[in-house]
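S.K.: Mind looking over this structure? Questions follow.
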There are 2 protein chains.
Amino acid sequence: MPLGFTEHEMKKIDDVVKTRRRVKQGDLLFGDGDTFTSLYAIRTGVFKTSVSTEDGREQVIGFQMAGEIVGLDGIVNDAHSCNAVALEDAEVCVMPFSNIEDLSREFPELQRHVHKIMSREIVRENKVMMLLGNMRAEERLAAFLLNLVQRLHARGFSQSEIVLRMTREEIGSYLGMKLETVSRTFSKFSDEGIIQVKQRYVRIVKPEALKKIFDLQA
Amino acid sequence: MPLGFTEHEMKKIDDVVKTRRRVKQGDLLFGDGDTFTSLYAIRTGVFKTSVSTEDGREQVIGFQMAGEIVGLDGIVNDAHSCNAVALEDAEVCVMPFSNIEDLSREFPELQRHVHKIMSREIVRENKVMMLLGNMRAEERLAAFLLNLVQRLHARGFSQSEIVLRMTREEIGSYLGMKLETVSRTFSKFSDEGIIQVKQRYVRIVKPEALKKIFDLQA
DNA sequence: TGTTAGCTTTGACACAAATCAAATATCAGT
DNA sequence: ACTGATATTTGATTTGTGTCAAAGCTAACA
């Protein structure tokens with residue numbers, strides 16, 4: 001939440017955020033087609049969001065963690081158009097969107113904050129499109145790992161160690177490649193001494209080498 | 001613009017939209033890094049929006065036409081993070097974002113409208129991610145063509161005839177494939193009698209066949 | 001502590017799309 | 001209307017990933 005509010009204002013804003021909901025690992029926070037009522041601020045746990053085709057192919061569109069907002073897809077049609085699944089036991093703040101709209105008419109700071117959140121999501125997706133449209137498998141995985149540690153580090157975790165909450169298949173879906181290719185690319189980075197991998201545990205040994213892969217590669 | 005306003009309200013809203021700007025073919029409406037001040041509603045002409053890597057690869061992230069809004073990427077950092085280029089001579093309404101924010105605090109209908117526009121863009125990008133991550137060249141081009149005629153038809157143009165405003169390379173960039181592959185796929189559809197192509201002119205002969213390609217394909 | 005089910009790794013092979021290359025067509029500007 | 005620049009098509013070949021298959025690893029549960 002943004003700064004710059006009086007105590008009284010904070011109180012009103014806090015009210016929007018007071019409802020909590022726990023989501024067990026593997027459970028849906030919301031699903032494609034569900035009626036849209038609220039945005040969700042993740043307090044703990046990691047989620048994946050995904051869309052599916054009729055024939056059953058899944059595309060993971062993002063992995064979200066503490067402090068991030070999910071549910072923005074639902075605003076336009078008053079119904080969600082993707083699935084949000086907890087990858088580990090999680091807790092979210094349920095923020096009824098009508099309350100958000102009411103309050104953000106009252107508080108310009110909050111209004112601006114909401115707009116920035118939506119714009120940030122658009123910009124994030126632009127970057128993913130670049131990744132999916134232009135990059136090769138190694139670049140994609142390098143970008144993915146760097147993005148992940150950076151976000152984890154911003155939340156007080158290690159700069160170099162990651163415990164992945166998602167499977168190779170989910171990583172592959174997000175990055176537009178098959179799980180075998182994800183696995184092979186992990187192995188390749190490991191052979192080159194850039195990372196250490198043991199199943200879900202990844203240690204980034206040479207972050208510069210990863211950066212090099214994904215911005216020097218022609 | 002949404003309905004349900006009084007005459008007086010309409011007047012105030014119209015004021016936001018009164019500034020016009022002409023953009024010549026090939027010119028930038030805004031570029032990556034430009035200070036963000038306004039959203040732009042396209043009145044005439046077609047734009048492409050794109051992002052680039054340091055090493056010069058371009059990823060087209062969308063083609064926008066009359067009635068669509070560009071510039072949402074700029075809100076989060078008060079600076080644009082993509083380029084918007086006119087693919088033909090165009091005219092836009094310049095809508096200073098601070099005016100939009102002021103007015104949408106006053107008019108809940110407008111506020112809701114702005115939120116929906118941003119959410120719609122998020123949902124659109126989700127679909128593009130599915131396309132880039134999961135589909136094969138033929139499916140991508142089929143989906144692209146169907147999307148294009150559908151939007152053109154909604155604007156009063158033909159259901160079956162398209163004059164492309166973008167090159168094969170720009171289509172390829174958008175769809176995550178090389179221009180040669182775009183050209184070959186056009187030729188293949190043409191050989192199969194699904195479409196007729198002559199350079200930028202495309203006539204969709206069998207729309208069902210295109211639909212079949214992109215939702216029946218395993 | 002054994003057993004099962006679900007992940008992950010690795011190998012061999014196939015194939016869709018990229019790359020390289022050349023010919024043709026079209027457009028913009030003089 | 002000519003001319004150079006740009007866009008498009010098509011062919012030959014290469015290559016990065018996908019596909020299929022099998023074995024190994026891990027974790028959860030009885």
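Letters for chains follow the order of the structure tokens (A, B, ...), residue numbers begin at 1 for each chain, and ligand numbers begin at 1 in the order shown.
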I'd like the contact shell of segment 101-111 of chain A - 8 Å cut-off, only C-alpha atoms (C1' of nucleotides), skipping same-chain residues fewer than 3 positions apart - returned as a list of chain:residue names.
M.R.: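 Counting only the stated atoms, we get A:Pro2, A:Gly4, A:Ile13, A:Phe97, A:Ser98, A:Val114, A:His115, B:Glu101, B:Ser104, B:Arg105, B:Glu106, B:Pro108, B:Gln111, B:Arg112.
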S.K.: Could you list, as number ranges by chain, every residue of chain C that has an atom within 8 Å of an atom of chain A, counting only C-alpha atoms (C1' of nucleotides)?
M.R.: C: 7-9
S.K.: How would the residues just picked look written out with N, CA and C atoms (P, O5', C5', C4', C3', O3' and C1' of nucleotides) as a short mmCIF file (atom, residue, chain, number, x, y, z; two decimals), in the first residue's frame?
M.R.:
```cif
data_model
loop_
_atom_site.label_atom_id
_atom_site.label_comp_id
_atom_site.auth_asym_id
_atom_site.auth_seq_id
_atom_site.Cartn_x
_atom_site.Cartn_y
_atom_site.Cartn_z
P DC C 7 3.25 -34.16 -10.34
"O5'" DC C 7 4.70 -33.65 -9.94
"C5'" DC C 7 5.67 -33.97 -10.86
"C4'" DC C 7 6.99 -33.93 -10.23
"C3'" DC C 7 7.92 -33.23 -11.18
"O3'" DC C 7 8.77 -32.37 -10.47
"C1'" DC C 7 8.54 -35.53 -10.89
P DT C 8 9.65 -31.37 -11.33
"O5'" DT C 8 10.84 -32.29 -11.81
"C5'" DT C 8 11.72 -32.81 -10.83
"C4'" DT C 8 12.80 -33.64 -11.51
"C3'" DT C 8 13.48 -32.94 -12.69
"O3'" DT C 8 14.84 -32.80 -12.33
"C1'" DT C 8 12.90 -35.18 -13.21
P DT C 9 15.86 -32.06 -13.27
"O5'" DT C 9 16.51 -33.28 -14.07
"C5'" DT C 9 17.23 -34.28 -13.33
"C4'" DT C 9 17.59 -35.42 -14.26
"C3'" DT C 9 18.41 -35.03 -15.48
"O3'" DT C 9 19.67 -35.70 -15.37
"C1'" DT C 9 16.66 -36.54 -16.05
#
```
S.K.: Determine, for each residue of chain B having at least one atom at most 7 Å from an atom of chain A, the closest pair of atoms and their separation in Å to one decimal, counting only C-alpha atoms; order by chain and ascending number, as JSON lines.
M.R.:
```
{"residue": "B:Asp55", "atom": "CA", "partner": "A:Ala218", "partner_atom": "CA", "distance": 6.8}
{"residue": "B:Gln59", "atom": "CA", "partner": "A:Met130", "partner_atom": "CA", "distance": 5.4}
{"residue": "B:Ile61", "atom": "CA", "partner": "A:Asn126", "partner_atom": "CA", "distance": 6.5}
{"residue": "B:Leu72", "atom": "CA", "partner": "A:Ser119", "partner_atom": "CA", "distance": 6.0}
{"residue": "B:Asp73", "atom": "CA", "partner": "A:Ser119", "partner_atom": "CA", "distance": 5.5}
{"residue": "B:Ile75", "atom": "CA", "partner": "A:Ser119", "partner_atom": "CA", "distance": 5.8}
{"residue": "B:Val76", "atom": "CA", "partner": "A:Lys116", "partner_atom": "CA", "distance": 4.4}
{"residue": "B:Arg105", "atom": "CA", "partner": "A:Arg105", "partner_atom": "CA", "distance": 4.3}
{"residue": "B:Lys116", "atom": "CA", "partner": "A:Val76", "partner_atom": "CA", "distance": 4.4}
{"residue": "B:Met118", "atom": "CA", "partner": "A:Met118", "partner_atom": "CA", "distance": 6.6}
{"residue": "B:Ser119", "atom": "CA", "partner": "A:Val76", "partner_atom": "CA", "distance": 5.3}
{"residue": "B:Arg120", "atom": "CA", "partner": "A:Val76", "partner_atom": "CA", "distance": 5.5}
{"residue": "B:Ile122", "atom": "CA", "partner": "A:Ile122", "partner_atom": "CA", "distance": 5.8}
{"residue": "B:Val123", "atom": "CA", "partner": "A:Asp73", "partner_atom": "CA", "distance": 5.6}
{"residue": "B:Glu125", "atom": "CA", "partner": "A:Glu125", "partner_atom": "CA", "distance": 6.6}
{"residue": "B:Asn126", "atom": "CA", "partner": "A:Ile61", "partner_atom": "CA", "distance": 6.5}
{"residue": "B:Met129", "atom": "CA", "partner": "A:Met129", "partner_atom": "CA", "distance": 6.2}
{"residue": "B:Met130", "atom": "CA", "partner": "A:Gln59", "partner_atom": "CA", "distance": 5.5}
{"residue": "B:Leu132", "atom": "CA", "partner": "A:Leu132", "partner_atom": "CA", "distance": 5.9}
{"residue": "B:Gly133", "atom": "CA", "partner": "A:Gly176", "partner_atom": "CA", "distance": 4.0}
{"residue": "B:Asn134", "atom": "CA", "partner": "A:Gly176", "partner_atom": "CA", "distance": 6.4}
{"residue": "B:Leu175", "atom": "CA", "partner": "A:Gly133", "partner_atom": "CA", "distance": 6.9}
{"residue": "B:Gly176", "atom": "CA", "partner": "A:Gly133", "partner_atom": "CA", "distance": 4.0}
{"residue": "B:Ala218", "atom": "CA", "partner": "A:Asp55", "partner_atom": "CA", "distance": 6.8}
```
S.K.: If we count only C-alpha atoms (C1' of nucleotides), which residues of chain D reach to within 12 Å of chain A? Please list them as a list in words.
M.R.: DG16, DT17, DG18, DT19, DC20, DC25 and DT26 of chain D
S.K.: Pick out the residues sitting within 9 Å of Glu68 of chain A, and hand them over as a ChimeraX atom specification; count only C-alpha atoms (C1' of nucleotides), and ignore anything fewer than 6 positions along from it in its own chain.
M.R.: /A:40-43,117
S.K.: Let's have the selection written as an mmCIF file, in the first residue's frame, with C-alpha atoms.
M.R.:
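Result went into result36.cif, see below:
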```
data_model
loop_
_atom_site.group_PDB
_atom_site.id
_atom_site.type_symbol
_atom_site.label_atom_id
_atom_site.label_comp_id
_atom_site.auth_asym_id
_atom_site.auth_seq_id
_atom_site.Cartn_x
_atom_site.Cartn_y
_atom_site.Cartn_z
ATOM 1 C CA TYR A 40 -6.550 -10.377 -4.126
ATOM 2 C CA ALA A 41 -3.332 -9.202 -2.524
ATOM 3 C CA ILE A 42 -1.067 -12.134 -1.807
ATOM 4 C CA ARG A 43 0.181 -12.190 1.794
ATOM 5 C CA ILE A 117 -0.765 -1.705 -10.489
#
```
S.K.: Please determine, counting only C-alpha atoms, which residue among A:Val16, A:Ile171, A:Leu28, A:Met65 has the shortest atom-to-atom distance to Arg155 of chain A.
M.R.: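 That would be A:Met65, the residue with the smallest distance to Arg155 of chain A.
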S.K.: As a PyMOL selection string, please: the residues near Gln150 of chain B (cut-off 12 Å, only C-alpha atoms (C1' of nucleotides), same-chain neighbours under 6 positions excluded).
M.R.: chain B and resi 143-144+156-162+204+207
S.K.: Go ahead and dump the residues you just picked, C-alpha atoms, as a tab-separated table (two decimals), in the first residue's frame.
M.R.:
```
chain	number	residue	atom	x	y	z
B	143	ALA	CA	-5.84	-16.59	-35.14
B	144	PHE	CA	-4.28	-13.34	-36.30
B	156	GLY	CA	-18.06	-1.48	-40.50
B	157	PHE	CA	-15.56	-3.02	-42.89
B	158	SER	CA	-15.88	-6.24	-44.81
B	159	GLN	CA	-16.09	-9.59	-43.03
B	160	SER	CA	-13.82	-11.19	-45.55
B	161	GLU	CA	-11.49	-8.62	-47.08
B	162	ILE	CA	-8.45	-7.13	-45.39
B	204	ILE	CA	-10.81	-14.86	-46.44
B	207	PRO	CA	-13.39	-18.58	-42.38
```
